Structure formats: structure tokens, C-alpha cells
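Peer 1: Here it is, the structure in full.
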Amino acid sequence: MRSPETSTVQTRNNFDLIRLFAAVQVAISHAADWMEAPVPWLSLLRYFPGVPIFFFISGYLIYQSYANISSPHRLQIFATNRLLRLFPALYICIVFSILLTYFSGYFSAVEISLSQWLTWLASQFTFLQFFNPDFMRGYGTGKLNASLWTITVELQFYLLTPIIFFLFKFYKKISIGLFAIFIIFNTANSFLNPRVSTLEKLFNVSFAPWIAMFVLGAYLSTNKTLQQRLLKINILIPFGLYVMTYYFALQAEGGTDNSINFISFILLGWLVFKAAFTLPSLSESLLHKNDISYGIYIYHMPIVNFMIYKGMTGSYMYLAIAMIMTATIALLSWRLVEKPALKLKKISLRRA
């Protein structure tokens with residue numbers, strides 16, 4: 001009997017390996033900056049910003065995950081599977097972060113009312129992970145886990161996926177128009193949003209500035225003809241074009257890092273897609289189906305903040321310790337939390 005949810009990508013691919021690279025890029029960049037650790041090759045690593053890569057891959061895979069569900073309970077299955085992927089590890093990470101802060105001694109140095117505690121915990125355990133209370137401003141970087149703002153954005157992507165699917169299927173011209181509008185939102189957020197006022201900050205963590213990145217990945221996943229054309233081209237061509245446009249953007253301050261200009265982002269998406277199907281068995285050979293990218297992404301900042309608060313900064317050795325600890329905890333998270341949670345997907349499919 002055919003499963004209600006078929007494989008997102010029928011052939012082997014390197015998306016797990018690329019996600020791992022993106023997570024490591026974010027973790028090393030954050031750690032090196034905040035811990036003031038000398039990393040001579042960091043400028044080269046910054047050429048491939050992790051968050052835009054995540055958003056593109058998410059669009060490619062998540063859209064196909066939804067599209068390939070043939071069951072009449074499509075929404076239920078999709079929602080269950082997405083929640084199982086995000087929240088079990090995220091909840092453990094939140095508890096871990098609070099315990100690490102407690103053992104650092106920081107909580108004994110500040111006064112926190114019950115209402116402040118409840119407000120903060122409610123935000124972290126729901127969908128407002130970007131919220132950072134004032135009483136945490138004196139700890140580490142001033143934000144316990146600033147990387148979690150993308151969780152809020154991803155959850156909005158998941159909610160919008162059925163709408164994107166509907167528009168792609170029945171209103172292609174409207175889809176193109178909306179895509180152009182959201183590119184404008186993305187550009188405006190990069191160059192015109194100082195992220196100072198509450199509204200400016202909320203716009204930055206809404207889907208509006210980022211959904212075009214997700215949609216580009218989703219569209220590519222539906223266009224098999226375009227996929228074949230892109231795959232026929234040598235990977236050095238998208239690589240060279242991307243590096244060239246990104247270099248000029250750096251020189252002209254024309255949109256880099258998370259605020260990457262959309263021309264460079266399109267080329268980055270092409271490069272990611274091409275890399276995913278170049279030596280497609282490489283990911284499985286190296287990782288053996290161990291996907292620790294999510295763990296690295298969500299756990300690195302709590303560890304970095306603990307080390308900053310303890311004065312463990314300014315050294316390459318401290319940076320290495322932070323990364324080794326992050327990788328170790330990410331592997332434990334994968335083996336003990338994420339992988340068992342993902343196995344529950346089969347239960348939800350059978351019940352549906």
C-alpha cells in the first residue's frame with residue numbers, strides 16, 4: 001500500500017550535508033564574533049550565509065513534503081510531521097539553556113518576578129522565540145538564544161505552505177505578482193528597516209521579508225524542466241557567478257549575509273540545488289543519515305553565552321571548545337530526541 005506521504009526527493013541528494021554546512025556557518029560566525037576569537041578564514045565562510053540557505057532548502061523540501069501527501073488528511077499529517085521535527089528538540093534546548101544560565105550563577109544576580117518568568121516561558125514554548133526579556137540583557141550577548149528568531153519565521157512558512165500550494169496550482173499569474181512584491185519587501189527590510197521600533201522588529205521576524213526565499217525553493221521543486229536544465233550546467237558556473245555577485249555586493253554594500261541581495265540569492269539557490277545532486281551519495285557516505293544540523297543551530301548560542309559570561313573569550317581554543325560542545329550536544333539531541341520523534345511520523349501516517 002502506498003504511503004500517504006511519498007519521498008520528497010526520489011533520488012539521493014546532499015541536502016543534509018548542505019544544511020549541516022549552513023548550521024556550522026552560522027554557529028562559527030556567531031561564536032567568532034561574540035567570543036572575539038581570531039578566525040582568519042571567517043571572511044570566506046561568510047560568503048555562504050547559512051540562514052538564506054536554510055530558507056531556500058526549506059522551501060524546496062517542505063513544499064514537496066506537503067504536495068506529496070495524497071491522504072485526505074493532508075493538513076493533519078503535514079502539521080503533525082512539522083511539529084514533530086521542530087518542537088521536541090526545541091523544548092529540550094530551551095530547558096537546557098535555562099539550566100545552563102542557572103549554573104552560570106546569573107539568575108542569582110538579577111531579580112525576576114513570576115510574571116516575567118511566565119511571559120518569557122510562554123513566548124519560548126509557543127511561537128515567539130524571538131522575544132528576549134529585559135532581565136536577560138546582562139547575560140552573555142544580552143540575548144539567550146538570538147538564533148531562534150528563524151523558528152518563528154519557519155512556523156509562518158509552514159502555515160503558508162497550503163496557500164502557496166493552492167496559488168501555484170490555480171493562480172500562477174497571481175503567484176508571480178506576489179513573488180515580485182515579496183522580493184520588494186525583502187529588499188526594503190535589508191536596506192530601509194533599522195529594526196529599532198517594535199513594529200520594525202516585528203516586521204523583520206514576520207514571513208513578509210523572507211517568504212520569497214522560501215517560495216523560490218518551492219517553485220524550483222515543482223519545475224522538473226528547469227531542474228534538468230540547471231543540473232546539466234557545470235557547478236563551477238553557478239559558483240563563479242554567485243561569488244562574483246556577492247563580492248561586488250560586499251564592495252558596494254549592496255546586500256550580504258542574511259540581507260543578501262536577491263540576485264545573489266537566486267544564484268545561491270542554484271548553487272545549493274546543483275550541489276545537492278552533485279555526487280549525490282556523498283551526504284549519506286559522510287553522515288550515515290545522522291542529521292545534526294538542527295541541533296548545532298539551536299544549541300550553539302546558549303553555549304556561547306555561557307562561555308562569554310564566564311569570561312572564556314578572545315581565544316581560538318575557546319572557540320574550538322564551544323564548537324566541540326555544540327556538536328556533541330547536537331549529536332545527543334539527534335540520537336535521543338530528534339530521531340525518536342521523527343519515527344512518530346509513521347504512526348501519524350498510519351492513523352490518518
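Identifiers for the C-alpha cells are assigned positionally: chains receive A, B, ... in sequence, residues are indexed from 1 per chain, and ligands are indexed from 1 in the order shown.
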Would you list the contacts of Arg19 of chain A as a ChimeraX atom specification, taking every protein, DNA or RNA residue within 8 Å and counting only C-alpha atoms, but skipping same-chain residues closer than 6 positions in sequence?

Peer 2: /A:53-54,57,293

Peer 1: Using only C-alpha atoms, which residues sit within 12 Å of Ile324 of chain A once same-chain residues fewer than 3 positions away are excluded, as a short mmCIF file (atom, residue, chain, number, x, y, z; two decimals) with N, CA and C atoms, in the first residue's frame?

Peer 2:
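Result file follows (around19.cif):
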data_model
loop_
_atom_site.label_atom_id
_atom_site.label_comp_id
_atom_site.auth_asym_id
_atom_site.auth_seq_id
_atom_site.Cartn_x
_atom_site.Cartn_y
_atom_site.Cartn_z
N VAL A 24 26.77 25.06 10.60
CA VAL A 24 28.14 25.31 11.07
C VAL A 24 28.55 26.74 10.71
N ALA A 27 26.93 28.97 13.24
CA ALA A 27 27.50 28.77 14.58
C ALA A 27 28.90 29.38 14.69
N ILE A 28 29.76 29.11 13.72
CA ILE A 28 31.13 29.65 13.77
C ILE A 28 31.11 31.17 13.66
N ALA A 31 29.85 32.56 17.02
CA ALA A 31 30.81 32.33 18.09
C ALA A 31 32.07 33.19 17.92
N ILE A 296 22.92 21.74 16.01
CA ILE A 296 24.00 22.74 16.00
C ILE A 296 23.42 24.15 15.96
N TYR A 299 21.59 24.95 19.52
CA TYR A 299 22.34 24.82 20.77
C TYR A 299 23.58 25.71 20.85
N HIS A 300 24.08 26.24 19.74
CA HIS A 300 25.38 26.91 19.81
C HIS A 300 25.35 28.19 20.64
N ILE A 303 25.49 27.87 24.57
CA ILE A 303 26.86 27.51 24.97
C ILE A 303 27.77 28.72 24.86
N VAL A 304 27.68 29.46 23.76
CA VAL A 304 28.50 30.66 23.57
C VAL A 304 28.20 31.68 24.65
N MET A 317 41.13 28.66 21.08
CA MET A 317 40.87 27.45 21.84
C MET A 317 39.45 27.46 22.41
N TYR A 318 39.02 28.60 22.95
CA TYR A 318 37.67 28.70 23.48
C TYR A 318 36.63 28.50 22.38
N LEU A 319 36.92 29.04 21.20
CA LEU A 319 36.01 28.84 20.07
C LEU A 319 35.90 27.36 19.73
N ALA A 320 37.04 26.68 19.70
CA ALA A 320 37.05 25.24 19.40
C ALA A 320 36.26 24.46 20.45
N ILE A 321 36.42 24.84 21.73
CA ILE A 321 35.67 24.17 22.80
C ILE A 321 34.17 24.37 22.61
N ALA A 327 28.63 20.44 18.90
CA ALA A 327 28.50 19.25 18.06
C ALA A 327 28.14 18.03 18.90
N THR A 328 28.73 17.91 20.08
CA THR A 328 28.45 16.77 20.95
C THR A 328 26.99 16.77 21.40
N ILE A 329 26.51 17.93 21.84
CA ILE A 329 25.12 18.02 22.31
C ILE A 329 24.16 17.85 21.14
N ALA A 330 24.53 18.36 19.96
CA ALA A 330 23.69 18.19 18.78
C ALA A 330 23.55 16.72 18.41
N LEU A 331 24.64 15.97 18.52
CA LEU A 331 24.58 14.54 18.23
C LEU A 331 23.70 13.81 19.24
#

Peer 1: What does the distance from atom CA of Thr80 of chain A to atom CA of Leu148 of chain A come to in Å, to one decimal?

Peer 2: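 Atom-to-atom, atom CA of Thr80 of chain A to atom CA of Leu148 of chain A, that is 20.5 Å.
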
Peer 1: Excluding Phe107 of chain A and residues on its chain fewer than 5 positions from it, collect all residues at most 10 Å away from it, counting only C-alpha atoms, and give them as a list in words.

Peer 2: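 Selected residues are Ile98, Thr101, Tyr102, Ile112, Phe135, Met136 and Tyr139 of chain A.
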
Peer 1: Smallest atom-to-atom distance to Leu61 of chain A: which of A:Leu220, A:Val243, A:Met307, A:Leu230, using only C-alpha atoms?

Peer 2: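 With only C-alpha atoms as the atom set, the closest residue is A:Leu220.
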
Peer 1: In terms of the shortest atom-to-atom distance over only C-alpha atoms, which of A:Leu336, A:Leu342, A:Ala188, A:Ser315 is closest to Met35 of chain A?

Peer 2: A:Ser315

Peer 1: Apply DSSP to the backbone of this structure and, from segment 164-227 of chain A, keep only the residues in alpha helix (DSSP H); write these as a ChimeraX atom specification.

Peer 2: /A:164-170,172-192,198-204,211-222,224-227

Peer 1: Please produce an output containing C-alpha atoms for each residue in the selection, written as a compact mmCIF listing (two decimals), in the first residue's frame.

Peer 2:
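Once written, out-v5.txt looks like this:
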# COMPACT_ATOMS: atom_id res chain seq x y z
CA ILE A 164 1.32 28.63 -1.66
CA PHE A 165 0.36 25.18 -2.97
CA PHE A 166 -3.13 26.43 -3.86
CA LEU A 167 -1.80 29.55 -5.63
CA PHE A 168 0.82 27.56 -7.58
CA LYS A 169 -1.86 25.15 -8.75
CA PHE A 170 -4.66 27.51 -9.68
CA LYS A 172 0.13 31.10 -11.35
CA LYS A 173 -0.02 34.71 -12.55
CA ILE A 174 -1.05 35.91 -9.10
CA SER A 175 1.79 33.83 -7.64
CA ILE A 176 4.30 35.61 -9.86
CA GLY A 177 2.93 39.02 -8.86
CA LEU A 178 3.05 38.19 -5.15
CA PHE A 179 6.57 36.83 -5.54
CA ALA A 180 7.70 40.15 -7.03
CA ILE A 181 6.03 42.06 -4.19
CA PHE A 182 7.77 39.94 -1.56
CA ILE A 183 11.13 40.47 -3.24
CA ILE A 184 10.47 44.18 -2.75
CA PHE A 185 9.65 43.52 0.92
CA ASN A 186 12.88 41.56 1.27
CA THR A 187 14.92 44.37 -0.26
CA ALA A 188 13.16 47.04 1.81
CA ASN A 189 13.80 45.10 5.01
CA SER A 190 17.50 44.81 4.12
CA PHE A 191 18.10 48.46 3.28
CA LEU A 192 15.32 50.51 4.88
CA THR A 198 8.70 47.36 17.95
CA LEU A 199 6.92 47.39 14.59
CA GLU A 200 10.22 47.34 12.71
CA LYS A 201 11.43 44.38 14.76
CA LEU A 202 8.14 42.52 14.30
CA PHE A 203 8.28 43.06 10.53
CA ASN A 204 11.76 41.54 10.49
CA ILE A 211 8.89 34.27 2.16
CA ALA A 212 10.35 34.99 -1.31
CA MET A 213 13.39 32.85 -0.35
CA PHE A 214 11.09 30.01 0.66
CA VAL A 215 8.93 30.38 -2.46
CA LEU A 216 11.94 30.26 -4.79
CA GLY A 217 12.89 26.87 -3.35
CA ALA A 218 9.28 25.72 -3.54
CA TYR A 219 8.94 26.77 -7.18
CA LEU A 220 12.15 25.01 -8.21
CA SER A 221 10.89 21.82 -6.57
CA THR A 222 7.83 21.89 -8.89
CA LYS A 224 11.21 19.49 -13.38
CA THR A 225 12.18 21.00 -16.73
CA LEU A 226 14.08 23.81 -15.03
CA GLN A 227 15.71 21.32 -12.69

Peer 1: Tell me, as a list in words, which residues lie within 7 Å of segment 121-134 of chain A, counting only C-alpha atoms; anything in the same chain fewer than 6 positions away does not count.

Peer 2: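 Non-adjacent residues within range: Tyr91, Lys143, Ala146, Leu148, Trp149, Ile151 and Thr152 of chain A.
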
Peer 1: So that I have them on file, write out the residues from the current selection with N, CA and C atoms, as a short mmCIF file (atom, residue, chain, number, x, y, z; two decimals), in the first residue's frame.

Peer 2:
data_model
loop_
_atom_site.label_atom_id
_atom_site.label_comp_id
_atom_site.auth_asym_id
_atom_site.auth_seq_id
_atom_site.Cartn_x
_atom_site.Cartn_y
_atom_site.Cartn_z
N TYR A 91 12.14 22.26 22.64
CA TYR A 91 11.77 22.31 24.06
C TYR A 91 12.91 21.86 24.96
N LYS A 143 21.21 38.31 24.75
CA LYS A 143 20.10 37.50 24.26
C LYS A 143 20.48 36.05 24.44
N ALA A 146 19.53 34.15 20.38
CA ALA A 146 19.02 35.03 19.33
C ALA A 146 18.76 34.28 18.02
N LEU A 148 17.03 31.79 17.47
CA LEU A 148 15.71 31.18 17.40
C LEU A 148 14.67 32.04 16.69
N TRP A 149 15.02 33.26 16.26
CA TRP A 149 14.05 34.07 15.53
C TRP A 149 13.61 33.36 14.25
N ILE A 151 12.96 30.27 13.92
CA ILE A 151 11.90 29.30 14.22
C ILE A 151 10.54 29.94 14.02
N THR A 152 10.39 31.17 14.50
CA THR A 152 9.14 31.91 14.31
C THR A 152 8.83 32.07 12.83
#

Peer 1: Given only C-alpha atoms as the basis, pick out the residue of A:Ala109, A:Ile92, A:Leu159, A:Ala23 nearest to Gln76 of chain A.

Peer 2: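 Among the listed residues, the smallest separation from Gln76 of chain A belongs to A:Leu159.
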
Peer 1: Atom CA of Phe207 of chain A and atom CA of Val153 of chain A, how far apart in Å?

Peer 2: 5.6 Å

Peer 1: Considering only C-alpha atoms, state which residue in the set A:Leu332, A:Leu90, A:Leu268, A:Leu344 is at the smallest distance from Phe56 of chain A.

Peer 2: A:Leu268

Peer 1: Got a sec: who's within 7 Å of segment 261-264 of chain A, counting only C-alpha atoms, leaving out chain neighbours fewer than 5 positions off, as a list of chain:residue names?

Peer 2: A:Thr187, A:Tyr242, A:Thr245, A:Tyr246, A:Gly254, A:Gly255, A:Thr256

Peer 1: Filtering to N, CA and C atoms, could you give me those residues as a PDB file, in the first residue's frame?

Peer 2:
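Result file result.pdb:
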ATOM      1  N   THR A 187      13.938  43.319  -0.001  1.00  0.00           N
ATOM      2  CA  THR A 187      14.917  44.372  -0.256  1.00  0.00           C
ATOM      3  C   THR A 187      14.718  45.552   0.689  1.00  0.00           C
ATOM      4  N   TYR A 242      27.916  33.304  -8.579  1.00  0.00           N
ATOM      5  CA  TYR A 242      27.495  33.691  -7.228  1.00  0.00           C
ATOM      6  C   TYR A 242      28.607  34.433  -6.500  1.00  0.00           C
ATOM      7  N   THR A 245      28.976  38.028  -7.888  1.00  0.00           N
ATOM      8  CA  THR A 245      27.938  38.984  -7.480  1.00  0.00           C
ATOM      9  C   THR A 245      28.018  39.290  -5.987  1.00  0.00           C
ATOM     10  N   TYR A 246      28.374  38.278  -5.190  1.00  0.00           N
ATOM     11  CA  TYR A 246      28.466  38.501  -3.746  1.00  0.00           C
ATOM     12  C   TYR A 246      29.643  39.410  -3.425  1.00  0.00           C
ATOM     13  N   GLY A 254      25.815  46.220  -1.016  1.00  0.00           N
ATOM     14  CA  GLY A 254      24.568  46.015  -1.738  1.00  0.00           C
ATOM     15  C   GLY A 254      23.751  44.826  -1.307  1.00  0.00           C
ATOM     16  N   GLY A 255      23.924  44.388  -0.065  1.00  0.00           N
ATOM     17  CA  GLY A 255      23.108  43.304   0.457  1.00  0.00           C
ATOM     18  C   GLY A 255      23.855  41.993   0.569  1.00  0.00           C
ATOM     19  N   THR A 256      24.273  41.653   1.783  1.00  0.00           N
ATOM     20  CA  THR A 256      25.013  40.417   2.032  1.00  0.00           C
ATOM     21  C   THR A 256      24.490  39.769   3.312  1.00  0.00           C
TER      22      THR A 256
END

Peer 1: Report the distance between atom CA of Ser285 of chain A and atom CA of Arg335 of chain A in Å, rounded to one decimal place.

Peer 2: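 Answer for the atom CA of Ser285 of chain A to atom CA of Arg335 of chain A separation: 18.0 Å.
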
Peer 1: Using only C-alpha atoms, which of the listed residues (A:Thr161, A:Glu36, A:Gly240, A:Ser333) sits closest to Leu267 of chain A?

Peer 2: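 Of A:Thr161, A:Glu36, A:Gly240, A:Ser333, the one nearest Leu267 of chain A is A:Gly240, counting only C-alpha atoms.
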
Peer 1: Find, counting only C-alpha atoms, the residue in A:Phe277, A:Tyr171, A:Trp334, A:Phe157 that gets nearest to Arg12 of chain A.

Peer 2: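 So, comparing all the options, the nearest one is A:Phe277.
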